[in-house]
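Containing compact mmCIF, C-alpha atoms and all ligand atoms: my_file.txt.
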```txt
# COMPACT_ATOMS: atom_id res chain seq x y z
CA MET A 1 -1.07 -36.89 45.43
CA ASN A 2 0.67 -38.68 42.58
CA ALA A 3 3.89 -36.73 42.62
CA PRO A 4 5.48 -37.38 39.21
CA ALA A 5 8.70 -39.34 39.58
CA ARG A 6 10.81 -37.15 37.38
CA PRO A 7 11.92 -33.53 37.32
CA GLN A 8 9.23 -31.17 36.08
CA ALA A 9 10.02 -28.16 33.93
CA ARG A 10 7.93 -25.11 34.77
CA ALA A 11 4.56 -25.11 33.04
CA ASN A 12 5.36 -21.86 31.21
CA VAL A 13 8.41 -23.55 29.68
CA LEU A 14 6.43 -26.55 28.47
CA ALA A 15 3.83 -24.20 26.95
CA ILE A 16 6.44 -22.85 24.51
CA ASP A 17 6.37 -23.81 20.84
CA ALA A 18 10.07 -24.22 20.11
CA TYR A 19 11.66 -21.99 17.45
CA VAL A 20 11.70 -23.66 14.03
CA PRO A 21 14.82 -22.63 12.11
CA GLY A 22 14.96 -22.39 8.32
CA ARG A 23 15.71 -25.71 6.62
CA HIS A 24 19.13 -26.56 5.24
CA ALA A 25 18.53 -29.39 2.77
CA ALA A 26 16.81 -29.51 -0.60
CA THR A 27 15.13 -32.62 -2.03
CA GLY A 28 16.41 -32.23 -5.58
CA GLY A 29 18.52 -30.14 -7.93
CA THR A 30 22.21 -30.55 -8.64
CA LYS A 31 23.14 -27.80 -6.20
CA THR A 32 21.46 -26.46 -3.04
CA TYR A 33 20.68 -22.75 -2.67
CA LYS A 34 19.91 -21.90 0.95
CA LEU A 35 17.58 -18.91 0.90
CA SER A 36 15.90 -19.67 4.20
CA ALA A 37 17.79 -17.80 6.91
CA ASN A 38 18.53 -14.32 5.51
CA GLU A 39 22.24 -14.99 5.26
CA THR A 40 24.23 -12.76 2.92
CA PRO A 41 25.16 -14.34 -0.43
CA LEU A 42 28.45 -12.41 -0.39
CA GLY A 43 29.70 -14.07 2.78
CA PRO A 44 31.79 -12.27 5.38
CA SER A 45 34.58 -9.78 4.80
CA ALA A 46 37.89 -11.45 3.87
CA LYS A 47 39.39 -9.45 6.76
CA ALA A 48 36.93 -11.04 9.18
CA ILE A 49 37.83 -14.52 7.94
CA ALA A 50 41.54 -13.76 8.35
CA ALA A 51 40.98 -12.44 11.89
CA PHE A 52 38.96 -15.53 12.77
CA GLN A 53 41.70 -17.80 11.47
CA ALA A 54 44.41 -15.90 13.35
CA ALA A 55 42.39 -16.36 16.56
CA ALA A 56 42.89 -20.13 16.21
CA ALA A 57 46.38 -19.63 17.65
CA THR A 58 45.05 -18.71 21.11
CA LEU A 59 41.99 -20.91 21.63
CA GLU A 60 43.11 -21.92 25.11
CA LEU A 61 42.68 -18.36 26.40
CA TYR A 62 39.42 -17.04 27.81
CA PRO A 63 38.19 -14.02 25.91
CA GLU A 64 38.05 -10.61 27.58
CA GLY A 65 34.61 -10.99 29.11
CA SER A 66 33.08 -7.64 28.17
CA ALA A 67 34.29 -7.78 24.55
CA ARG A 68 35.85 -4.37 25.22
CA ARG A 69 37.79 -4.08 21.96
CA LEU A 70 34.76 -5.04 19.93
CA ARG A 71 32.60 -2.55 21.84
CA GLU A 72 35.19 0.13 21.12
CA ALA A 73 35.26 -0.77 17.42
CA ILE A 74 31.46 -0.57 17.22
CA ALA A 75 31.45 2.68 19.21
CA SER A 76 33.95 4.36 16.91
CA ARG A 77 32.11 3.13 13.78
CA TYR A 78 28.76 4.57 14.95
CA GLY A 79 29.87 7.38 17.27
CA LEU A 80 28.61 5.74 20.47
CA ASP A 81 29.68 5.38 24.10
CA PRO A 82 31.33 1.94 24.41
CA ALA A 83 30.21 1.69 28.05
CA ARG A 84 26.61 1.56 26.83
CA ILE A 85 27.20 -1.30 24.37
CA ILE A 86 26.79 -4.94 25.36
CA CYS A 87 27.84 -7.76 23.07
CA GLY A 88 26.28 -11.18 23.15
CA CYS A 89 26.13 -14.65 21.66
CA GLY A 90 23.94 -13.47 18.80
CA SER A 91 21.30 -10.84 19.36
CA ASP A 92 19.12 -13.76 20.50
CA ASP A 93 21.28 -13.84 23.63
CA LEU A 94 20.63 -10.13 24.22
CA LEU A 95 16.89 -10.44 23.59
CA ASN A 96 16.77 -13.24 26.16
CA LEU A 97 18.72 -11.15 28.66
CA LEU A 98 16.26 -8.29 28.15
CA ALA A 99 13.37 -10.68 28.75
CA LEU A 100 15.10 -12.09 31.84
CA ALA A 101 15.70 -8.66 33.34
CA TYR A 102 12.44 -6.93 32.37
CA THR A 103 9.70 -9.52 32.00
CA GLY A 104 8.46 -12.28 34.29
CA PRO A 105 5.40 -13.33 36.24
CA ASP A 106 2.80 -10.53 36.44
CA ARG A 107 4.48 -8.66 33.60
CA GLU A 108 3.25 -8.28 30.05
CA ALA A 109 5.37 -7.83 26.93
CA ILE A 110 3.84 -6.46 23.76
CA ILE A 111 4.76 -8.18 20.50
CA THR A 112 3.33 -7.47 17.06
CA GLU A 113 1.21 -10.02 15.22
CA HIS A 114 3.93 -11.23 12.84
CA GLY A 115 6.87 -10.14 14.98
CA PHE A 116 10.12 -12.11 15.14
CA ALA A 117 9.47 -15.44 16.93
CA VAL A 118 12.27 -15.18 19.48
CA TYR A 119 10.47 -12.49 21.54
CA LYS A 120 7.48 -14.62 22.45
CA ILE A 121 9.66 -17.59 23.41
CA ALA A 122 11.89 -15.41 25.58
CA VAL A 123 8.95 -13.83 27.39
CA GLN A 124 7.22 -17.16 27.97
CA ALA A 125 10.44 -18.70 29.24
CA MET A 126 10.59 -16.05 31.95
CA GLY A 127 6.99 -16.67 32.95
CA GLY A 128 5.85 -13.37 31.47
CA THR A 129 2.74 -12.85 29.38
CA PRO A 130 3.17 -12.13 25.66
CA VAL A 131 0.48 -9.75 24.42
CA ILE A 132 0.14 -10.05 20.64
CA VAL A 133 -1.22 -6.94 18.91
CA PRO A 134 -2.64 -6.76 15.38
CA GLU A 135 -0.70 -5.26 12.48
CA ARG A 136 -2.01 -3.27 9.54
CA ASP A 137 -0.95 -4.41 6.05
CA LEU A 138 1.62 -6.74 7.64
CA THR A 139 3.17 -3.69 9.32
CA ALA A 140 3.43 -2.83 13.01
CA ASN A 141 0.65 -0.49 14.08
CA VAL A 142 1.62 2.13 16.67
CA ASP A 143 -1.97 2.81 17.72
CA ALA A 144 -2.63 -0.89 18.32
CA ILE A 145 0.57 -1.18 20.38
CA LEU A 146 -0.29 1.85 22.51
CA ALA A 147 -3.86 0.58 22.98
CA ALA A 148 -2.49 -2.69 24.38
CA VAL A 149 -0.44 -1.04 27.13
CA THR A 150 -1.65 -1.82 30.66
CA PRO A 151 -0.15 -1.14 34.09
CA ARG A 152 1.48 -4.58 33.81
CA THR A 153 3.28 -3.83 30.51
CA SER A 154 7.04 -3.82 30.99
CA VAL A 155 8.47 -4.23 27.48
CA VAL A 156 7.51 -3.61 23.84
CA PHE A 157 9.49 -5.68 21.31
CA LEU A 158 9.60 -4.20 17.82
CA ALA A 159 11.64 -5.63 14.97
CA ASN A 160 12.29 -2.73 12.63
CA PRO A 161 12.43 -3.81 9.84
CA ASN A 162 10.45 -6.87 10.82
CA ASN A 163 11.27 -10.46 9.97
CA PRO A 164 9.47 -12.26 8.25
CA THR A 165 7.40 -9.46 6.68
CA GLY A 166 10.21 -7.10 5.58
CA THR A 167 8.08 -4.07 6.47
CA TYR A 168 9.22 -1.19 8.68
CA LEU A 169 8.04 1.79 10.67
CA PRO A 170 9.44 5.19 9.68
CA HIS A 171 11.39 7.03 12.35
CA ALA A 172 8.50 9.43 12.99
CA GLU A 173 6.25 6.50 13.89
CA VAL A 174 8.86 4.95 16.19
CA LYS A 175 9.19 8.33 17.90
CA ARG A 176 5.42 8.56 18.26
CA LEU A 177 5.43 5.09 19.80
CA GLN A 178 8.15 6.00 22.29
CA ALA A 179 6.41 9.27 23.15
CA GLY A 180 3.16 7.42 23.82
CA LEU A 181 4.63 4.76 26.09
CA PRO A 182 4.70 5.18 29.86
CA ALA A 183 8.24 6.06 31.01
CA ASP A 184 8.60 2.73 32.80
CA VAL A 185 8.00 0.61 29.67
CA LEU A 186 11.16 -0.49 27.84
CA LEU A 187 11.03 -0.19 24.05
CA VAL A 188 13.29 -2.78 22.42
CA LEU A 189 14.11 -1.91 18.80
CA ASP A 190 15.54 -4.94 17.03
CA ALA A 191 17.41 -3.49 14.06
CA ALA A 192 18.87 -6.73 12.68
CA TYR A 193 18.40 -5.51 9.09
CA ALA A 194 19.08 -1.80 9.62
CA GLU A 195 22.08 -1.66 7.30
CA TYR A 196 20.03 -2.82 4.31
CA VAL A 197 17.35 -0.13 4.58
CA ARG A 198 17.63 2.49 1.82
CA THR A 199 14.66 4.74 2.58
CA ASN A 200 15.53 8.08 4.15
CA ASP A 201 12.61 8.08 6.62
CA TYR A 202 14.14 5.13 8.50
CA SER A 203 16.35 5.19 11.56
CA SER A 204 17.70 2.20 13.47
CA GLY A 205 16.88 3.96 16.73
CA LEU A 206 20.38 4.94 17.88
CA GLU A 207 19.32 8.59 18.35
CA LEU A 208 16.24 7.55 20.28
CA VAL A 209 18.41 5.47 22.62
CA SER A 210 20.62 8.51 23.21
CA GLU A 211 17.65 10.81 23.83
CA SER A 212 15.63 8.63 26.19
CA ASP A 213 15.86 6.41 29.22
CA ASN A 214 13.58 3.61 28.03
CA VAL A 215 14.82 2.58 24.57
CA VAL A 216 17.29 -0.17 23.66
CA MET A 217 18.46 -1.08 20.17
CA THR A 218 19.84 -4.49 19.17
CA ARG A 219 21.98 -5.36 16.14
CA THR A 220 23.52 -8.51 14.78
CA PHE A 221 26.62 -9.68 12.94
CA SER A 222 24.56 -12.51 11.42
CA LYS A 223 23.01 -10.59 8.55
CA ILE A 224 24.95 -7.88 6.67
CA HIS A 225 28.27 -9.02 8.16
CA GLY A 226 27.74 -12.65 7.17
CA LEU A 227 28.93 -14.07 10.49
CA GLY A 228 25.88 -16.10 11.53
CA ALA A 229 28.00 -19.11 12.43
CA LEU A 230 29.95 -17.12 15.03
CA ARG A 231 26.84 -15.98 16.98
CA LEU A 232 27.53 -12.33 17.61
CA GLY A 233 25.19 -9.44 18.38
CA TRP A 234 25.28 -6.14 20.24
CA LEU A 235 22.95 -3.69 21.87
CA TYR A 236 23.04 -0.01 22.70
CA GLY A 237 21.05 1.14 25.68
CA PRO A 238 20.77 3.53 28.61
CA ALA A 239 23.44 3.04 31.30
CA HIS A 240 20.89 1.72 33.80
CA VAL A 241 19.75 -0.99 31.38
CA CYS A 242 23.34 -2.00 30.60
CA ASP A 243 24.02 -2.17 34.32
CA ALA A 244 21.13 -4.59 34.83
CA LEU A 245 22.09 -6.77 31.86
CA ASN A 246 25.77 -6.88 32.82
CA ARG A 247 24.74 -8.44 36.15
CA ILE A 248 23.05 -11.39 34.49
CA ARG A 249 24.82 -12.00 31.18
CA GLY A 250 27.20 -14.92 30.90
CA PRO A 251 30.62 -13.66 32.00
CA PHE A 252 32.08 -14.76 28.64
CA ASN A 253 29.03 -14.48 26.41
CA THR A 254 31.03 -13.65 23.28
CA ASN A 255 33.81 -15.96 22.16
CA GLY A 256 37.35 -14.96 21.24
CA PRO A 257 37.32 -15.76 17.50
CA ALA A 258 33.93 -14.02 17.14
CA ILE A 259 35.27 -10.89 18.82
CA GLU A 260 38.26 -10.77 16.44
CA ALA A 261 36.13 -11.38 13.36
CA GLY A 262 33.60 -8.81 14.53
CA ILE A 263 36.24 -6.12 14.95
CA ALA A 264 37.48 -6.76 11.41
CA ALA A 265 33.93 -6.83 10.03
CA VAL A 266 32.83 -3.46 11.42
CA GLY A 267 36.06 -2.00 10.06
CA ASP A 268 35.41 -3.18 6.51
CA ALA A 269 33.05 -0.52 5.19
CA ALA A 270 33.80 -1.43 1.57
CA HIS A 271 32.53 -4.96 2.07
CA MET A 272 29.35 -3.68 3.68
CA GLU A 273 28.82 -1.33 0.74
CA ARG A 274 29.16 -4.22 -1.70
CA SER A 275 26.61 -6.26 0.26
CA ILE A 276 24.17 -3.35 0.34
CA ALA A 277 24.57 -2.66 -3.39
CA HIS A 278 24.02 -6.32 -4.25
CA ASN A 279 20.94 -6.47 -2.05
CA THR A 280 19.39 -3.27 -3.33
CA GLN A 281 19.78 -4.40 -6.94
CA TRP A 282 18.43 -7.93 -6.50
CA LEU A 283 15.72 -7.17 -3.95
CA GLY A 284 14.11 -4.84 -6.48
CA TRP A 285 14.62 -7.26 -9.35
CA LEU A 286 13.09 -10.18 -7.44
CA ALA A 287 10.11 -8.12 -6.30
CA ASP A 288 9.41 -7.01 -9.89
CA GLU A 289 9.84 -10.44 -11.45
CA LEU A 290 7.78 -12.29 -8.84
CA GLY A 291 5.08 -9.63 -8.96
CA ARG A 292 4.92 -10.14 -12.73
CA LEU A 293 4.12 -13.81 -12.12
CA GLY A 294 1.00 -12.77 -10.23
CA LEU A 295 2.46 -13.44 -6.78
CA ALA A 296 1.78 -10.98 -3.97
CA VAL A 297 5.13 -9.58 -2.85
CA THR A 298 5.14 -7.53 0.36
CA PRO A 299 7.34 -4.43 -0.10
CA SER A 300 10.53 -5.15 1.85
CA VAL A 301 13.42 -3.01 3.04
CA GLY A 302 15.43 -6.00 4.29
CA ASN A 303 17.41 -8.70 2.47
CA PHE A 304 14.40 -10.94 2.00
CA LEU A 305 10.89 -10.93 0.55
CA LEU A 306 7.61 -12.30 1.84
CA VAL A 307 5.88 -13.90 -1.14
CA THR A 308 2.21 -14.84 -0.85
CA PHE A 309 0.79 -17.57 -3.08
CA PRO A 310 -2.76 -18.11 -4.33
CA ARG A 311 -4.99 -20.55 -2.48
CA GLU A 312 -5.78 -22.42 -5.72
CA PRO A 313 -4.91 -26.13 -5.73
CA GLY A 314 -1.60 -26.56 -7.55
CA ARG A 315 -0.43 -23.02 -6.75
CA THR A 316 -0.32 -22.94 -2.96
CA ALA A 317 2.66 -21.93 -0.84
CA ALA A 318 3.10 -25.51 0.40
CA GLU A 319 3.16 -26.82 -3.17
CA ALA A 320 5.53 -24.07 -4.28
CA ASP A 321 7.81 -24.91 -1.36
CA ALA A 322 7.95 -28.58 -2.39
CA PHE A 323 8.51 -27.65 -6.06
CA LEU A 324 11.34 -25.25 -5.18
CA LEU A 325 12.96 -27.82 -2.89
CA ASP A 326 12.94 -30.30 -5.76
CA HIS A 327 14.95 -27.76 -7.75
CA GLY A 328 17.52 -27.19 -5.01
CA LEU A 329 15.91 -24.01 -3.70
CA VAL A 330 15.36 -23.87 0.06
CA LEU A 331 12.99 -21.11 1.17
CA ARG A 332 11.45 -20.48 4.58
CA GLY A 333 7.91 -21.56 5.35
CA VAL A 334 6.23 -19.05 7.64
CA ALA A 335 3.04 -20.89 8.65
CA GLY A 336 4.36 -20.72 12.23
CA TYR A 337 4.08 -16.92 11.91
CA GLY A 338 0.41 -17.18 11.00
CA LEU A 339 1.27 -16.81 7.30
CA PRO A 340 0.40 -20.23 5.82
CA ASP A 341 0.03 -18.86 2.29
CA ALA A 342 3.47 -17.28 2.17
CA LEU A 343 7.13 -18.20 1.84
CA ARG A 344 10.06 -16.03 2.80
CA LEU A 345 12.82 -15.72 0.22
CA THR A 346 16.30 -14.44 1.08
CA VAL A 347 18.03 -12.42 -1.64
CA GLY A 348 20.74 -14.73 -2.94
CA THR A 349 23.49 -14.72 -5.52
CA GLU A 350 22.56 -13.70 -9.05
CA GLU A 351 22.52 -17.39 -9.98
CA ALA A 352 20.15 -18.28 -7.13
CA ASN A 353 17.86 -15.32 -7.78
CA ARG A 354 17.53 -16.13 -11.47
CA LEU A 355 16.87 -19.78 -10.68
CA VAL A 356 14.11 -18.86 -8.20
CA VAL A 357 12.36 -16.72 -10.79
CA ALA A 358 12.76 -19.35 -13.54
CA THR A 359 11.48 -22.11 -11.23
CA LEU A 360 8.51 -20.11 -10.02
CA THR A 361 7.72 -19.15 -13.62
CA THR A 362 7.45 -22.86 -14.40
CA PHE A 363 5.46 -23.48 -11.22
CA MET A 364 2.91 -20.75 -11.90
CA GLY A 365 2.64 -21.76 -15.56
CA ARG A 366 1.65 -25.36 -14.86
CA PRO A 367 -1.91 -26.28 -15.73
CA PRO A 368 -4.19 -25.80 -12.71
CA ARG A 369 -5.01 -28.92 -10.73
CA GLY A 370 -8.38 -30.19 -9.57
C1 LIG B 401 18.19 -12.77 12.18
C2 LIG B 401 17.53 -11.92 13.20
C3 LIG B 401 18.16 -11.62 14.39
C4 LIG B 401 19.58 -12.07 14.59
O1 LIG B 401 19.74 -13.04 15.49
P1 LIG B 401 21.22 -13.49 15.89
O2 LIG B 401 20.96 -14.21 17.15
O3 LIG B 401 22.03 -12.25 16.09
O4 LIG B 401 21.74 -14.33 14.79
C5 LIG B 401 17.53 -10.83 15.32
N1 LIG B 401 16.32 -10.30 15.06
C6 LIG B 401 15.70 -10.52 13.90
C7 LIG B 401 14.41 -9.87 13.62
C8 LIG B 401 16.28 -11.35 12.95
O5 LIG B 401 15.65 -11.61 11.80
```
Kindly transcribe the structure held in the file into structure tokens.
Ligand SMILES: *Cc1c(COP(=O)(O)O)cnc(C)c1O
Amino acid sequence: MNAPARPQARANVLAIDAYVPGRHAATGGTKTYKLSANETPLGPSAKAIAAFQAAAATLELYPEGSARRLREAIASRYGLDPARIICGCGSDDLLNLLALAYTGPDREAIITEHGFAVYKIAVQAMGGTPVIVPERDLTANVDAILAAVTPRTSVVFLANPNNPTGTYLPHAEVKRLQAGLPADVLLVLDAAYAEYVRTNDYSSGLELVSESDNVVMTRTFSKIHGLGALRLGWLYGPAHVCDALNRIRGPFNTNGPAIEAGIAAVGDAAHMERSIAHNTQWLGWLADELGRLGLAVTPSVGNFLLVTFPREPGRTAAEADAFLLDHGLVLRGVAGYGLPDALRLTVGTEEANRLVVATLTTFMGRPPRG
């Protein structure tokens, strides 16, 4: 009757809660420490920066659309088939392409309770139905995922390790998940933090991709490689999945300077080793120190920690967040992930890490309110 006099977005699009990125700005302190987006405190490889700068000389040229040289560099680093790698504008781009190709009306996608927020948005955008399954101890639960499978299930999204919890599934559990899924369900393993994991029961999923027809693994240059600004990610998948995605991806979905920086970054193993060593040392230190303050720290294998605060007035996560911001420390609130009592802390420089512990020591030592 009353046709609205303006263009109408699809209802499934308007039902989406937009992604809330980590904040940038503090409210106090003489210096700002951004510990809200899991960026590496070491920054990118000097070789990647040099390659990026050299690329400034040819900005008028379109990039090679399939990022062939970058795919070859990744393939030789990990022993993969370059034809089965797709690069994208961040792994977000690839996750959206997977949702576009494999979800949609009448299709369900399984996502874990505190799974990375991008999956749900991507599925909803395509008109698919996100099915959220419970976790156990803030960790993905294979039995719950398998129990949620229906004839309409087309994709399972699993961040391993997961953001924002930092928890992971051992390889044996991922294999059990894949073995329990119907052959027509695509298992998407988002391994954005794979390089940081130091436990020997973990695998990013590369072998599983090679051994099966329904597993895809995604990676990013935004975390260990320190190239978040360039928006660069890649996936490894079966040839039939790559064929589908190559039909719908933007023809130039990775930009020229990002390709050059990415090639240099995967080639700089020494820089990656330094980043891993720094993270391993300070992740453990932060977990110990914050635990000693009486905070609940979820064991993490990534480059960040989920820290849960008491519900007592004066000691809540929201109050801690405000207190930290006043001291120049920007953490990530995770209420949007159903974790209102927690903050996510990225492992920073030694200076930032020590300041976080000192500031939270003061915060927890204040006389209780109320
Ligand atoms: C940071 C992150 C990504 C990376 O996204 P980009 O688009 O590549 O920057 C992907 N998945 C998870 C779980 C992440 O935390």
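Closest to ligand LIG 401 (chain B) among A:Ala50, A:Leu245, A:Leu324, A:Leu232 is A:Leu232, based on only C-alpha atoms and all ligand atoms.
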>> Ranking A:Val297, A:Ile276, A:Leu331, A:Ala56 by minimum distance to A:Asp137 and counting only C-alpha atoms, which one comes first?
In response: A:Val297
> Mind listing the residues within 7 Å of ligand LIG 401 (chain B), only C-alpha atoms and all ligand atoms counted, as an MDAnalysis selection string?
Replying inline: chainID A and resid 38 89:93 116 159 162:163 190:192 219:223 228 231:233
Mind writing the picked residues with C-alpha atoms as an mmCIF file, keeping the file's coordinate frame?
```cif
data_model
loop_
_atom_site.group_PDB
_atom_site.id
_atom_site.type_symbol
_atom_site.label_atom_id
_atom_site.label_comp_id
_atom_site.auth_asym_id
_atom_site.auth_seq_id
_atom_site.Cartn_x
_atom_site.Cartn_y
_atom_site.Cartn_z
ATOM 1 C CA ASN A 38 18.530 -14.320 5.510
ATOM 2 C CA CYS A 89 26.130 -14.650 21.660
ATOM 3 C CA GLY A 90 23.940 -13.470 18.800
ATOM 4 C CA SER A 91 21.300 -10.840 19.360
ATOM 5 C CA ASP A 92 19.120 -13.760 20.500
ATOM 6 C CA ASP A 93 21.280 -13.840 23.630
ATOM 7 C CA PHE A 116 10.120 -12.110 15.140
ATOM 8 C CA ALA A 159 11.640 -5.630 14.970
ATOM 9 C CA ASN A 162 10.450 -6.870 10.820
ATOM 10 C CA ASN A 163 11.270 -10.460 9.970
ATOM 11 C CA ASP A 190 15.540 -4.940 17.030
ATOM 12 C CA ALA A 191 17.410 -3.490 14.060
ATOM 13 C CA ALA A 192 18.870 -6.730 12.680
ATOM 14 C CA ARG A 219 21.980 -5.360 16.140
ATOM 15 C CA THR A 220 23.520 -8.510 14.780
ATOM 16 C CA PHE A 221 26.620 -9.680 12.940
ATOM 17 C CA SER A 222 24.560 -12.510 11.420
ATOM 18 C CA LYS A 223 23.010 -10.590 8.550
ATOM 19 C CA GLY A 228 25.880 -16.100 11.530
ATOM 20 C CA ARG A 231 26.840 -15.980 16.980
ATOM 21 C CA LEU A 232 27.530 -12.330 17.610
ATOM 22 C CA GLY A 233 25.190 -9.440 18.380
#
```
>> Show me, as a list in words, the residues that have an atom within 12 Å of A:Pro251 when counting all atoms listed in the file, minus same-chain residues fewer than 3 positions from it.
In response: Tyr62, Pro63, Glu64, Gly65, Ser66, Ala67, Ile86, Cys87, Gly88, Cys89, Leu245, Asn246, Arg247, Ile248, Thr254 and Asn255 of chain A
>> Calculated over all atoms listed in the file, which of the candidates A:Glu289, A:Asp243, A:Asp81, A:Glu260 has the smallest distance to A:Ala48?
In response: A:Glu260
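Among the candidate residues A:Tyr236, A:Tyr196, A:Phe363, A:Tyr168, the one lying nearest to A:Pro299 is A:Tyr168, with distances computed using all atoms listed in the file.
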>> As an exercise, work out the distance from atom CA of A:Val142 to atom CA of A:Ile224 in Å and give it to one decimal place.
In response: 27.3 Å
>> If I take atom CA of A:Thr308 and atom CA of A:Ala322, how far is one from the other in Å, to one decimal?
In response: 15.0 Å
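You will find atom CA of A:Met364 at 23.3 Å from atom CA of A:Gly338.
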>> For a cutoff of 10 Å around the file-coordinate point (18.4, -0.2, 8.9), which residues qualify once you count all atoms listed in the file? I'd like the result as a PyMOL selection string.
In response: chain A and resi 160-161+168+190-200+202-205+219+301-302
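The smallest atom-to-atom distance between A:Asn303 and any of A:Leu345, A:Leu94, A:Ala229, A:Ala55, using only C-alpha atoms, is found for A:Leu345.
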> For A:Ala57, which residue out of A:Gly256, A:Pro313, A:Gly365, A:Pro82 is the nearest one, using all atoms listed in the file?
Replying inline: A:Gly256
> What residues have an atom no more than 10 Å from (5.4, -16.8, -10.0) in the file's own frame, counting only C-alpha atoms, and can you write them as a PyMOL selection string?
Replying inline: chain A and resi 289-296+307-309+315+320+356-365
> Counting only C-alpha atoms, what is within 12 Å of A:Leu208, bar same-chain residues fewer than 4 positions away, as a PyMOL selection string?
Replying inline: chain A and resi 171-179+187-189+203-204+212-217+236-238
Edge lengths and centre in Å to one decimal, as lines of an AutoDock Vina configuration file, is what I'm after for the box along x, y and z that holds all listed atoms of stretch 50-65 of chain A once 3 Å is added on each side.
```
center_x = 40.5
center_y = -16.3
center_z = 18.7
size_x = 17.8
size_y = 17.3
size_z = 26.8
```
